[in-house]
Each structure stands twice: as C-alpha cells, then as structure tokens.
file input.pdb (PDB, C-alpha atoms and all ligand atoms)
ATOM      1  CA  MET A 244      -4.514 -22.601   2.756
ATOM      2  CA  SER A 245      -2.020 -19.848   2.048
ATOM      3  CA  LYS A 246      -3.150 -16.328   2.550
ATOM      4  CA  ILE A 247      -3.313 -13.005   0.743
ATOM      5  CA  ILE A 248      -3.336 -10.055   3.117
ATOM      6  CA  VAL A 249      -4.726  -6.959   1.429
ATOM      7  CA  MET A 250      -3.989  -3.597   3.000
ATOM      8  CA  ILE A 251      -6.523  -0.911   2.178
ATOM      9  CA  GLY A 252      -6.669   2.665   3.363
ATOM     10  CA  ALA A 253      -6.107   6.177   2.061
ATOM     11  CA  PRO A 254      -2.690   7.254   0.829
ATOM     12  CA  GLY A 255      -0.758   8.180   3.987
ATOM     13  CA  ALA A 256      -2.777   5.912   6.305
ATOM     14  CA  GLY A 257       0.370   3.924   7.093
ATOM     15  CA  LYS A 258      -0.446   0.860   4.976
ATOM     16  CA  GLY A 259       3.140   0.612   3.743
ATOM     17  CA  THR A 260       4.646   0.774   7.227
ATOM     18  CA  GLN A 261       2.211  -1.813   8.580
ATOM     19  CA  ALA A 262       2.700  -4.045   5.552
ATOM     20  CA  ARG A 263       6.452  -4.034   6.187
ATOM     21  CA  LEU A 264       5.947  -5.096   9.785
ATOM     22  CA  LEU A 265       3.520  -7.824   8.741
ATOM     23  CA  SER A 266       5.989  -9.015   6.143
ATOM     24  CA  GLU A 267       8.656  -9.424   8.854
ATOM     25  CA  LYS A 268       6.251 -11.215  11.192
ATOM     26  CA  TYR A 269       4.688 -13.669   8.752
ATOM     27  CA  GLY A 270       7.585 -13.968   6.296
ATOM     28  CA  TYR A 271       5.344 -13.028   3.363
ATOM     29  CA  PRO A 272       6.689 -10.623   0.727
ATOM     30  CA  GLN A 273       5.208  -7.138   0.711
ATOM     31  CA  ILE A 274       4.013  -6.241  -2.755
ATOM     32  CA  SER A 275       3.600  -2.510  -3.144
ATOM     33  CA  THR A 276       2.104  -1.677  -6.536
ATOM     34  CA  GLY A 277       3.170   1.961  -6.072
ATOM     35  CA  ASP A 278       6.823   0.868  -5.632
ATOM     36  CA  ILE A 279       6.657  -1.471  -8.620
ATOM     37  CA  LEU A 280       5.106   1.204 -10.839
ATOM     38  CA  ARG A 281       7.630   3.823  -9.709
ATOM     39  CA  GLU A 282      10.413   1.448 -10.657
ATOM     40  CA  MET A 283       8.801   0.690 -14.025
ATOM     41  CA  ALA A 284       8.445   4.437 -14.624
ATOM     42  CA  GLN A 285      12.247   4.800 -14.485
ATOM     43  CA  SER A 286      12.730   2.806 -17.686
ATOM     44  CA  ASP A 287      13.258   4.705 -20.899
ATOM     45  CA  THR A 288      10.480   2.958 -22.836
ATOM     46  CA  GLU A 289       7.067   4.062 -24.047
ATOM     47  CA  LEU A 290       5.426   2.368 -21.064
ATOM     48  CA  GLY A 291       7.964   3.906 -18.672
ATOM     49  CA  ARG A 292       7.264   7.404 -19.965
ATOM     50  CA  GLU A 293       3.501   6.867 -19.893
ATOM     51  CA  LEU A 294       3.694   5.674 -16.281
ATOM     52  CA  LYS A 295       5.879   8.573 -15.260
ATOM     53  CA  GLY A 296       3.248  11.016 -16.488
ATOM     54  CA  ILE A 297       0.391   9.244 -14.727
ATOM     55  CA  LEU A 298       2.259   8.880 -11.437
ATOM     56  CA  SER A 299       3.289  12.501 -11.268
ATOM     57  CA  SER A 300      -0.331  13.557 -11.925
ATOM     58  CA  GLY A 301      -1.665  11.531  -8.979
ATOM     59  CA  ASN A 302      -4.199   9.698 -11.166
ATOM     60  CA  LEU A 303      -4.606   5.922 -11.233
ATOM     61  CA  VAL A 304      -2.802   3.640 -13.697
ATOM     62  CA  SER A 305      -5.017   1.408 -15.904
ATOM     63  CA  ASP A 306      -6.450  -1.829 -14.538
ATOM     64  CA  ASP A 307      -4.920  -3.811 -17.424
ATOM     65  CA  ILE A 308      -1.384  -2.764 -16.542
ATOM     66  CA  LEU A 309      -2.042  -3.523 -12.870
ATOM     67  CA  ALA A 310      -3.492  -6.952 -13.655
ATOM     68  CA  GLU A 311      -0.294  -7.876 -15.537
ATOM     69  CA  VAL A 312       1.944  -6.530 -12.777
ATOM     70  CA  ILE A 313       0.093  -8.424 -10.040
ATOM     71  CA  LYS A 314      -0.126 -11.672 -11.940
ATOM     72  CA  GLU A 315       3.572 -11.685 -12.744
ATOM     73  CA  ARG A 316       4.739 -10.636  -9.282
ATOM     74  CA  THR A 317       2.508 -13.025  -7.309
ATOM     75  CA  SER A 318       3.502 -16.036  -9.392
ATOM     76  CA  ARG A 319       7.119 -15.845  -8.173
ATOM     77  CA  ASP A 320       8.439 -18.444  -5.725
ATOM     78  CA  ASP A 321       8.616 -16.121  -2.715
ATOM     79  CA  CYS A 322       4.793 -15.833  -2.799
ATOM     80  CA  SER A 323       4.180 -19.563  -2.401
ATOM     81  CA  SER A 324       3.114 -19.443   1.244
ATOM     82  CA  GLY A 325       1.289 -16.115   0.949
ATOM     83  CA  TYR A 326       1.810 -12.410   0.239
ATOM     84  CA  ILE A 327       0.802  -8.948   1.325
ATOM     85  CA  LEU A 328      -0.683  -6.484  -1.136
ATOM     86  CA  ASP A 329      -0.085  -2.815  -0.397
ATOM     87  CA  GLY A 330      -1.918  -0.519  -2.796
ATOM     88  CA  TYR A 331      -3.927  -3.135  -4.698
ATOM     89  CA  PRO A 332      -6.851  -3.389  -5.349
ATOM     90  CA  ARG A 333      -7.782   0.244  -5.667
ATOM     91  CA  ASN A 334     -11.193  -0.001  -7.337
ATOM     92  CA  LEU A 335     -14.036  -2.492  -7.708
ATOM     93  CA  ASN A 336     -12.833  -3.915 -10.990
ATOM     94  CA  GLN A 337      -9.406  -4.661  -9.509
ATOM     95  CA  ALA A 338     -11.111  -6.197  -6.457
ATOM     96  CA  ARG A 339     -13.041  -8.596  -8.696
ATOM     97  CA  LEU A 340      -9.902  -9.497 -10.640
ATOM     98  CA  LEU A 341      -8.168 -10.254  -7.367
ATOM     99  CA  GLU A 342     -10.992 -12.566  -6.295
ATOM    100  CA  ASP A 343     -10.468 -14.538  -9.514
ATOM    101  CA  LEU A 344      -6.719 -14.656  -8.984
ATOM    102  CA  ALA A 345      -7.168 -15.902  -5.403
ATOM    103  CA  VAL A 346      -9.384 -18.735  -6.669
ATOM    104  CA  GLN A 347      -6.845 -19.645  -9.363
ATOM    105  CA  GLN A 348      -4.031 -19.594  -6.803
ATOM    106  CA  ASP A 349      -6.145 -21.405  -4.167
ATOM    107  CA  ARG A 350      -5.654 -18.697  -1.552
ATOM    108  CA  SER A 351      -7.893 -17.034   0.981
ATOM    109  CA  ILE A 352      -7.978 -13.252   1.330
ATOM    110  CA  VAL A 353      -7.999 -11.115   4.482
ATOM    111  CA  PHE A 354      -8.660  -7.397   4.015
ATOM    112  CA  VAL A 355      -7.142  -5.003   6.500
ATOM    113  CA  ARG A 356      -8.337  -1.417   6.516
ATOM    114  CA  VAL A 357      -6.226   1.185   8.274
ATOM    115  CA  ILE A 358      -8.439   4.156   9.164
ATOM    116  CA  VAL A 359      -6.988   7.649   9.524
ATOM    117  CA  HIS A 360      -8.898  10.936   9.516
ATOM    118  CA  MET A 361      -8.575  12.990   6.344
ATOM    119  CA  ASP A 362      -7.054  15.991   8.157
ATOM    120  CA  SER A 363      -4.075  13.926   9.412
ATOM    121  CA  LEU A 364      -3.417  12.444   5.990
ATOM    122  CA  LEU A 365      -2.212  15.670   4.427
ATOM    123  CA  ARG A 366       0.598  16.159   6.983
ATOM    124  CA  ARG A 367       1.488  12.513   6.870
ATOM    125  CA  LEU A 368       1.932  12.598   3.100
ATOM    126  CA  THR A 369       3.599  15.961   2.620
ATOM    127  CA  GLY A 370       5.930  15.232   5.591
ATOM    128  CA  ARG A 371       6.921  11.777   4.399
ATOM    129  CA  ARG A 372      10.545  11.028   3.514
ATOM    130  CA  THR A 373      11.921   7.643   2.448
ATOM    131  CA  CYS A 374      15.448   6.264   2.613
ATOM    132  CA  THR A 375      16.844   6.026  -0.898
ATOM    133  CA  ARG A 376      18.695   2.830   0.013
ATOM    134  CA  CYS A 377      16.719   0.709   2.500
ATOM    135  CA  GLY A 378      13.235   2.199   2.087
ATOM    136  CA  GLU A 379      12.802   3.087   5.783
ATOM    137  CA  ILE A 380       9.969   5.612   6.090
ATOM    138  CA  TYR A 381      10.174   8.832   8.177
ATOM    139  CA  ASN A 382       7.995  11.887   8.658
ATOM    140  CA  VAL A 383       9.383  15.354   9.289
ATOM    141  CA  TYR A 384       6.425  16.162  11.584
ATOM    142  CA  PHE A 385       5.818  12.905  13.437
ATOM    143  CA  ARG A 386       8.933  10.744  13.060
ATOM    144  CA  PRO A 387      11.942  12.810  12.046
ATOM    145  CA  PRO A 388      15.313  11.112  11.571
ATOM    146  CA  GLN A 389      17.985  11.943  14.158
ATOM    147  CA  LYS A 390      19.920  13.883  11.532
ATOM    148  CA  GLU A 391      17.872  15.894   9.047
ATOM    149  CA  GLY A 392      17.672  14.244   5.621
ATOM    150  CA  ILE A 393      19.700  11.169   6.646
ATOM    151  CA  CYS A 394      18.465   7.638   7.362
ATOM    152  CA  ASP A 395      19.026   6.446  10.973
ATOM    153  CA  VAL A 396      19.412   2.849   9.781
ATOM    154  CA  ASP A 397      22.078   3.109   7.089
ATOM    155  CA  GLY A 398      23.076   6.786   6.792
ATOM    156  CA  ALA A 399      21.796   7.087   3.192
ATOM    157  CA  PRO A 400      20.033  10.294   2.078
ATOM    158  CA  LEU A 401      16.246  10.563   2.442
ATOM    159  CA  ALA A 402      14.039  11.654  -0.456
ATOM    160  CA  GLN A 403      10.524  12.997  -0.881
ATOM    161  CA  ARG A 404       8.406  11.191  -3.427
ATOM    162  CA  SER A 405       7.526  13.446  -6.340
ATOM    163  CA  ASP A 406       3.823  12.682  -5.782
ATOM    164  CA  ASP A 407       3.940  13.720  -2.109
ATOM    165  CA  THR A 408       3.739  17.413  -2.985
ATOM    166  CA  ALA A 409       0.605  19.209  -1.747
ATOM    167  CA  GLU A 410      -1.114  19.523  -5.133
ATOM    168  CA  THR A 411      -0.628  15.895  -6.150
ATOM    169  CA  VAL A 412      -1.519  14.686  -2.673
ATOM    170  CA  ILE A 413      -4.939  16.331  -2.967
ATOM    171  CA  ARG A 414      -5.478  14.603  -6.328
ATOM    172  CA  ARG A 415      -4.456  11.251  -4.833
ATOM    173  CA  LEU A 416      -6.824  11.677  -1.904
ATOM    174  CA  GLU A 417      -9.628  12.509  -4.335
ATOM    175  CA  ALA A 418      -8.829   9.408  -6.415
ATOM    176  CA  TYR A 419      -8.948   7.376  -3.212
ATOM    177  CA  LYS A 420     -12.317   8.779  -2.194
ATOM    178  CA  ALA A 421     -13.859   8.162  -5.612
ATOM    179  CA  SER A 422     -12.352   4.750  -6.452
ATOM    180  CA  THR A 423     -11.061   2.951  -3.383
ATOM    181  CA  ALA A 424     -13.405   4.024  -0.578
ATOM    182  CA  PRO A 425     -16.347   2.066  -2.145
ATOM    183  CA  LEU A 426     -14.305  -1.126  -1.643
ATOM    184  CA  VAL A 427     -14.943  -0.905   2.068
ATOM    185  CA  ASP A 428     -18.655  -1.654   1.588
ATOM    186  CA  TYR A 429     -17.813  -4.406  -0.866
ATOM    187  CA  TYR A 430     -15.514  -6.194   1.585
ATOM    188  CA  ASN A 431     -17.711  -5.518   4.581
ATOM    189  CA  GLN A 432     -20.518  -7.611   3.153
ATOM    190  CA  ASP A 433     -18.988 -10.995   3.808
ATOM    191  CA  GLY A 434     -17.101 -10.334   7.034
ATOM    192  CA  ARG A 435     -13.606 -10.586   5.575
ATOM    193  CA  LEU A 436     -12.795  -6.984   6.500
ATOM    194  CA  VAL A 437     -10.657  -6.212   9.533
ATOM    195  CA  GLU A 438     -10.508  -2.539  10.598
ATOM    196  CA  VAL A 439      -7.822  -0.877  12.690
ATOM    197  CA  PRO A 440      -7.529   2.742  13.823
ATOM    198  CA  GLY A 441      -4.404   4.144  12.175
ATOM    199  CA  ASP A 442      -4.087   7.274  14.334
ATOM    200  CA  LEU A 443      -2.391   5.336  17.161
ATOM    201  CA  PRO A 444       1.394   4.857  17.429
ATOM    202  CA  VAL A 445       2.761   2.422  14.820
ATOM    203  CA  GLU A 446       3.419  -0.394  17.351
ATOM    204  CA  GLN A 447      -0.117  -0.209  18.753
ATOM    205  CA  VAL A 448      -1.691  -0.269  15.310
ATOM    206  CA  PHE A 449       0.440  -3.295  14.504
ATOM    207  CA  GLU A 450      -0.476  -5.153  17.684
ATOM    208  CA  LYS A 451      -4.199  -4.595  17.147
ATOM    209  CA  MET A 452      -3.930  -5.579  13.520
ATOM    210  CA  CYS A 453      -2.092  -8.850  14.215
ATOM    211  CA  GLY A 454      -4.663  -9.805  16.862
ATOM    212  CA  LEU A 455      -7.492  -9.238  14.387
ATOM    213  CA  ILE A 456      -5.759 -11.048  11.516
ATOM    214  CA  ASP A 457      -4.996 -14.094  13.661
ATOM    215  CA  PHE A 458      -8.561 -14.068  14.987
ATOM    216  CA  SER A 459     -10.072 -13.800  11.506
ATOM    217  CA  ALA A 460      -7.944 -16.725  10.322
ATOM    218  CA  SER A 461      -8.883 -19.004  13.213
TER     219      SER A 461
HETATM  220  P1  LIG A 501       1.029   4.504  -3.779
HETATM  221  O1  LIG A 501       2.495   4.458  -3.556
HETATM  222  O2  LIG A 501       0.340   3.260  -3.356
HETATM  223  O3  LIG A 501       0.379   5.743  -3.184
HETATM  224  O4  LIG A 501       0.827   4.602  -5.373
HETATM  225  C1  LIG A 501       1.398   5.648  -6.107
HETATM  226  C2  LIG A 501       0.696   5.785  -7.447
HETATM  227  O5  LIG A 501       0.819   4.548  -8.184
HETATM  228  C3  LIG A 501      -0.791   6.045  -7.379
HETATM  229  O6  LIG A 501      -1.079   7.433  -7.224
HETATM  230  C4  LIG A 501      -1.255   5.510  -8.732
HETATM  231  O7  LIG A 501      -0.945   6.416  -9.771
HETATM  232  C5  LIG A 501      -0.366   4.291  -8.937
HETATM  233  N1  LIG A 501      -0.977   3.051  -8.418
HETATM  234  C6  LIG A 501      -0.519   2.266  -7.385
HETATM  235  N2  LIG A 501      -1.311   1.206  -7.196
HETATM  236  C7  LIG A 501      -2.307   1.311  -8.113
HETATM  237  C8  LIG A 501      -3.456   0.534  -8.411
HETATM  238  N3  LIG A 501      -3.765  -0.574  -7.706
HETATM  239  N4  LIG A 501      -4.256   0.944  -9.428
HETATM  240  C9  LIG A 501      -3.973   2.046 -10.150
HETATM  241  N5  LIG A 501      -2.923   2.837  -9.910
HETATM  242  C10 LIG A 501      -2.080   2.493  -8.907
END

call {"tool": "encode", "arguments": {"input": "input.pdb", "output": "structure tokens", "more": "lines below"}}
Ligand code: AMP
result
Amino acid sequence: MSKIIVMIGAPGAGKGTQARLLSEKYGYPQISTGDILREMAQSDTELGRELKGILSSGNLVSDDILAEVIKERTSRDDCSSGYILDGYPRNLNQARLLEDLAVQQDRSIVFVRVIVHMDSLLRRLTGRRTCTRCGEIYNVYFRPPQKEGICDVDGAPLAQRSDDTAETVIRRLEAYKASTAPLVDYYNQDGRLVEVPGDLPVEQVFEKMCGLIDFSAS
C-alpha cells in the first residue's frame, strides 16, 4: 500500500528540511502547504490578497481552502506511490479530513513528530534564510552560507520569509500550541506516531527518523 508521511512539529522544528531529505530518499514529492499558500498569495486575485493578509499575520488559513489545496495537489500523478505532507494537518479537523482522504486514496499514514524545545525555535525561525532559486534552507546562527546572503548551491540570493520576523513568529508558535499540539495525543492513541528529537544535527535526526519509519512500516 502506498504511504502518506505526515511531518508534524512546531514551526522551525526542521520539518521542511527533513521532509526534503525524505523526499530524496523515498522518491515521494514533498508537499509543503506553507509553500503552496505563499505561492497562491502572490496572485493578484481576491483569494491571493486574502491569503497574503492571513500569512503575514501568522494566523492559520481556513480548513476549507486547505482541503481543496490538498485534494488537488495529492491527486497529481507524482503522488501515485506516496507523498510527504509538511505543514498539514495543523488541527484536529484537518487531521480527520486527512484520514478520510487516505481511505479514499487507499493509503496508509505514518506520522513523524520532530521535537524541538521552544527556546531553540525562536532562533531557528528568526535566523532562517531560504534560497530564492533552489529553496535550500540556511540559518544565520546555526548554518550560515559561506558567503553572507548567497546560496552555496547555486549562488542565488537568500531571502527571509516575511513571517519569520520576531512578532509573527510568536503568533505562529502560539497558533501551533493551540491548534497543532493537540494532534500529538490524537495520533499517539493508535501507535502510528513516530517521534524524533530535532535538536540533534540534521543528518542524525534524519538517520533516526528513517530507522523509525522503516520499522513502523514493517
Ligand atoms: P509554514 O510554512 O508551514 O510555517 O506555513 C506558513 C503559514 O501558512 C502558516 O502560518 C499558516 O498561515 C499557513 N498554513 C500552512 N499550512 C497550513 C494548514 N495546514 N492550515 C492552516 N494554515 C496553514
């Protein structure tokens, strides 16, 4: 049965980085709802403008919009053998909708939680910079590029996400605590939750995570 790998964890826990590595290893596409919504917010339409406002506030986008986005994206051909969700579900209602979708698509779900202490998250988020071309992720405190503001991979400029400023970061962490943290109990009930400590170096987190995913699937 093909698989859905769901990454959960606070903003800044490294879900995106780990999802990218998993995507390379398993050949599943990485579906980041944050990336999709940021792209949608660029369009000069009513929806685009509405999304732009919500994203820059750090609040969550409505479940209806997310349900549409996920349904459309996961029905594309590249998802046929499985996919990785990064940033979805983010509340209980979305989690239930995903269960229904998995049944419809005849897929099993593995939930991976990356755990990082709250005090590290703030530096991770406010220090984060992303390559404007290839999407490579850096951090000015923990993983600076060789040349300030420039991507090591392709030499393109790095940018800070507009919602990685201190004020919005606090709002996002609060939204996480209120809406997403309760999902951990929900997923813990039936043993489908795999937990990895996210404070270790990226490669070690990845190694542990792969071991647990393969074990949970066997
Ligand atoms: P992220 O890049 O995952 O931190 O997401 C950036 C922003 O996109 C969040 O602060 C939310 O406003 C929105 N967003 C992403 N995924 C979801 C989701 N599953 N439900 C609601 N809003 C979301």

call {"tool": "residues_near_ligand", "arguments": {"input": "input.pdb", "ligand": "ligand LIG 501 (chain A)", "cutoff": "8 Å", "atoms": "all atoms listed in the file", "output": "JSON, numbers by chain"}}
result
{"A": [254, 255, 275, 276, 277, 278, 280, 281, 297, 298, 299, 300, 301, 302, 303, 304, 305, 306, 309, 329, 330, 331, 332, 333, 334, 337, 406, 415]}

call {"tool": "write_last_selection", "arguments": {"input": "input.pdb", "atoms": "C-alpha atoms", "output": "tab-separated table (two decimals), keeping the file's coordinate frame"}}
result
chain	number	residue	atom	x	y	z
A	254	PRO	CA	-2.69	7.25	0.83
A	255	GLY	CA	-0.76	8.18	3.99
A	275	SER	CA	3.60	-2.51	-3.14
A	276	THR	CA	2.10	-1.68	-6.54
A	277	GLY	CA	3.17	1.96	-6.07
A	278	ASP	CA	6.82	0.87	-5.63
A	280	LEU	CA	5.11	1.20	-10.84
A	281	ARG	CA	7.63	3.82	-9.71
A	297	ILE	CA	0.39	9.24	-14.73
A	298	LEU	CA	2.26	8.88	-11.44
A	299	SER	CA	3.29	12.50	-11.27
A	300	SER	CA	-0.33	13.56	-11.92
A	301	GLY	CA	-1.66	11.53	-8.98
A	302	ASN	CA	-4.20	9.70	-11.17
A	303	LEU	CA	-4.61	5.92	-11.23
A	304	VAL	CA	-2.80	3.64	-13.70
A	305	SER	CA	-5.02	1.41	-15.90
A	306	ASP	CA	-6.45	-1.83	-14.54
A	309	LEU	CA	-2.04	-3.52	-12.87
A	329	ASP	CA	-0.08	-2.82	-0.40
A	330	GLY	CA	-1.92	-0.52	-2.80
A	331	TYR	CA	-3.93	-3.14	-4.70
A	332	PRO	CA	-6.85	-3.39	-5.35
A	333	ARG	CA	-7.78	0.24	-5.67
A	334	ASN	CA	-11.19	0.00	-7.34
A	337	GLN	CA	-9.41	-4.66	-9.51
A	406	ASP	CA	3.82	12.68	-5.78
A	415	ARG	CA	-4.46	11.25	-4.83

call {"tool": "resolve_selection", "arguments": {"input": "input.pdb", "expression": "the PyMOL selection byres (((chain A and resi 388-402) around 8) and not hetatm)", "output": "list of chain:residue names"}}
result
A:Arg372, A:Thr373, A:Cys374, A:Thr375, A:Arg376, A:Cys377, A:Glu379, A:Tyr381, A:Asn382, A:Val383, A:Arg386, A:Pro387, A:Gln403, A:Arg404

call {"tool": "closest_residue", "arguments": {"input": "input.pdb", "among": "A:Ile308, A:Gln347, A:Gly441, A:Lys268", "to": "Val359 of chain A", "atoms": "all atoms listed in the file"}}
result
A:Gly441

call {"tool": "atom_distance", "arguments": {"input": "input.pdb", "atom1": "atom CA of Asp349 of chain A", "atom2": "atom CA of Ile327 of chain A"}}
result
15.3 Å

call {"tool": "atom_distance", "arguments": {"input": "input.pdb", "atom1": "atom CA of Ala409 of chain A", "atom2": "atom CA of Gln261 of chain A"}}
result
23.5 Å

call {"tool": "resolve_selection", "arguments": {"input": "input.pdb", "expression": "the PyMOL selection byres (((chain A and resi 425) around 12) and not hetatm)", "output": "ChimeraX atom specification"}}
result
/A:251-253,332-336,338,418-424,426-432

call {"tool": "atom_distance", "arguments": {"input": "input.pdb", "atom1": "atom CA of Phe354 of chain A", "atom2": "atom CA of Ala284 of chain A"}}
result
27.9 Å

call {"tool": "closest_residue", "arguments": {"input": "input.pdb", "among": "A:Tyr269, A:Phe385, A:Phe458, A:Tyr326", "to": "Met250 of chain A", "atoms": "all atoms listed in the file"}}
result
A:Tyr326

call {"tool": "closest_residue", "arguments": {"input": "input.pdb", "among": "A:Arg366, A:Thr408, A:Asp433, A:Arg356", "to": "Leu455 of chain A", "atoms": "all atoms listed in the file"}}
result
A:Arg356

call {"tool": "closest_residue", "arguments": {"input": "input.pdb", "among": "A:Leu365, A:Val355, A:Leu344, A:Leu416", "to": "Gly454 of chain A", "atoms": "all atoms listed in the file"}}
result
A:Val355

call {"tool": "closest_residue", "arguments": {"input": "input.pdb", "among": "A:Val439, A:Gly325, A:Ser363, A:Val412", "to": "Ser266 of chain A", "atoms": "all atoms listed in the file"}}
result
A:Gly325

call {"tool": "axis_aligned_box", "arguments": {"input": "input.pdb", "around": "segment 420-437 of chain A", "padding_each_side": "3 Å", "output": "lines of an AutoDock Vina configuration file"}}
result
center_x = -15.6
center_y = -1.1
center_z = 1.5
size_x = 15.9
size_y = 25.8
size_z = 22.0

call {"tool": "residues_around", "arguments": {"input": "input.pdb", "residues": "Ser245 of chain A", "least_positions_apart": "3", "cutoff": "12 Å", "atoms": "only C-alpha atoms", "output": "number ranges by chain"}}
result
A: 248, 269, 271, 322-327, 345-346, 348-353, 460

call {"tool": "resolve_selection", "arguments": {"input": "input.pdb", "expression": "the PyMOL selection byres (((chain A and resi 264) around 12) and not hetatm)", "output": "list in words"}}
result
Gly257, Lys258, Gly259, Thr260, Gln261, Ala262, Arg263, Leu265, Ser266, Glu267, Lys268, Tyr269, Gly270, Tyr271, Pro272, Gln273, Ile327, Glu379, Val445, Glu446, Gln447, Val448, Phe449, Glu450, Met452 and Cys453 of chain A

call {"tool": "closest_residue", "arguments": {"input": "input.pdb", "among": "A:Ser459, A:Leu341, A:Met283, A:Arg435", "to": "Gly296 of chain A", "atoms": "only C-alpha atoms"}}
result
A:Met283

call {"tool": "decode", "arguments": {"input": "input.pdb", "residues": "segment 403-414 of chain A", "atoms": "C-alpha atoms", "output": "PDB file, in the first residue's frame"}}
result
ATOM      1  CA  GLN A 403      13.953  35.892   4.865  1.00  0.00           C
ATOM      2  CA  ARG A 404      10.316  34.888   4.848  1.00  0.00           C
ATOM      3  CA  SER A 405       8.077  37.795   5.783  1.00  0.00           C
ATOM      4  CA  ASP A 406       6.505  35.666   8.541  1.00  0.00           C
ATOM      5  CA  ASP A 407       9.880  34.845  10.128  1.00  0.00           C
ATOM      6  CA  THR A 408      10.046  38.210  11.888  1.00  0.00           C
ATOM      7  CA  ALA A 409      10.004  38.052  15.704  1.00  0.00           C
ATOM      8  CA  GLU A 410       6.438  39.308  16.178  1.00  0.00           C
ATOM      9  CA  THR A 411       4.865  36.973  13.627  1.00  0.00           C
ATOM     10  CA  VAL A 412       6.978  34.065  14.820  1.00  0.00           C
ATOM     11  CA  ILE A 413       5.486  34.401  18.306  1.00  0.00           C
ATOM     12  CA  ARG A 414       1.977  34.370  16.806  1.00  0.00           C
TER      13      ARG A 414
END
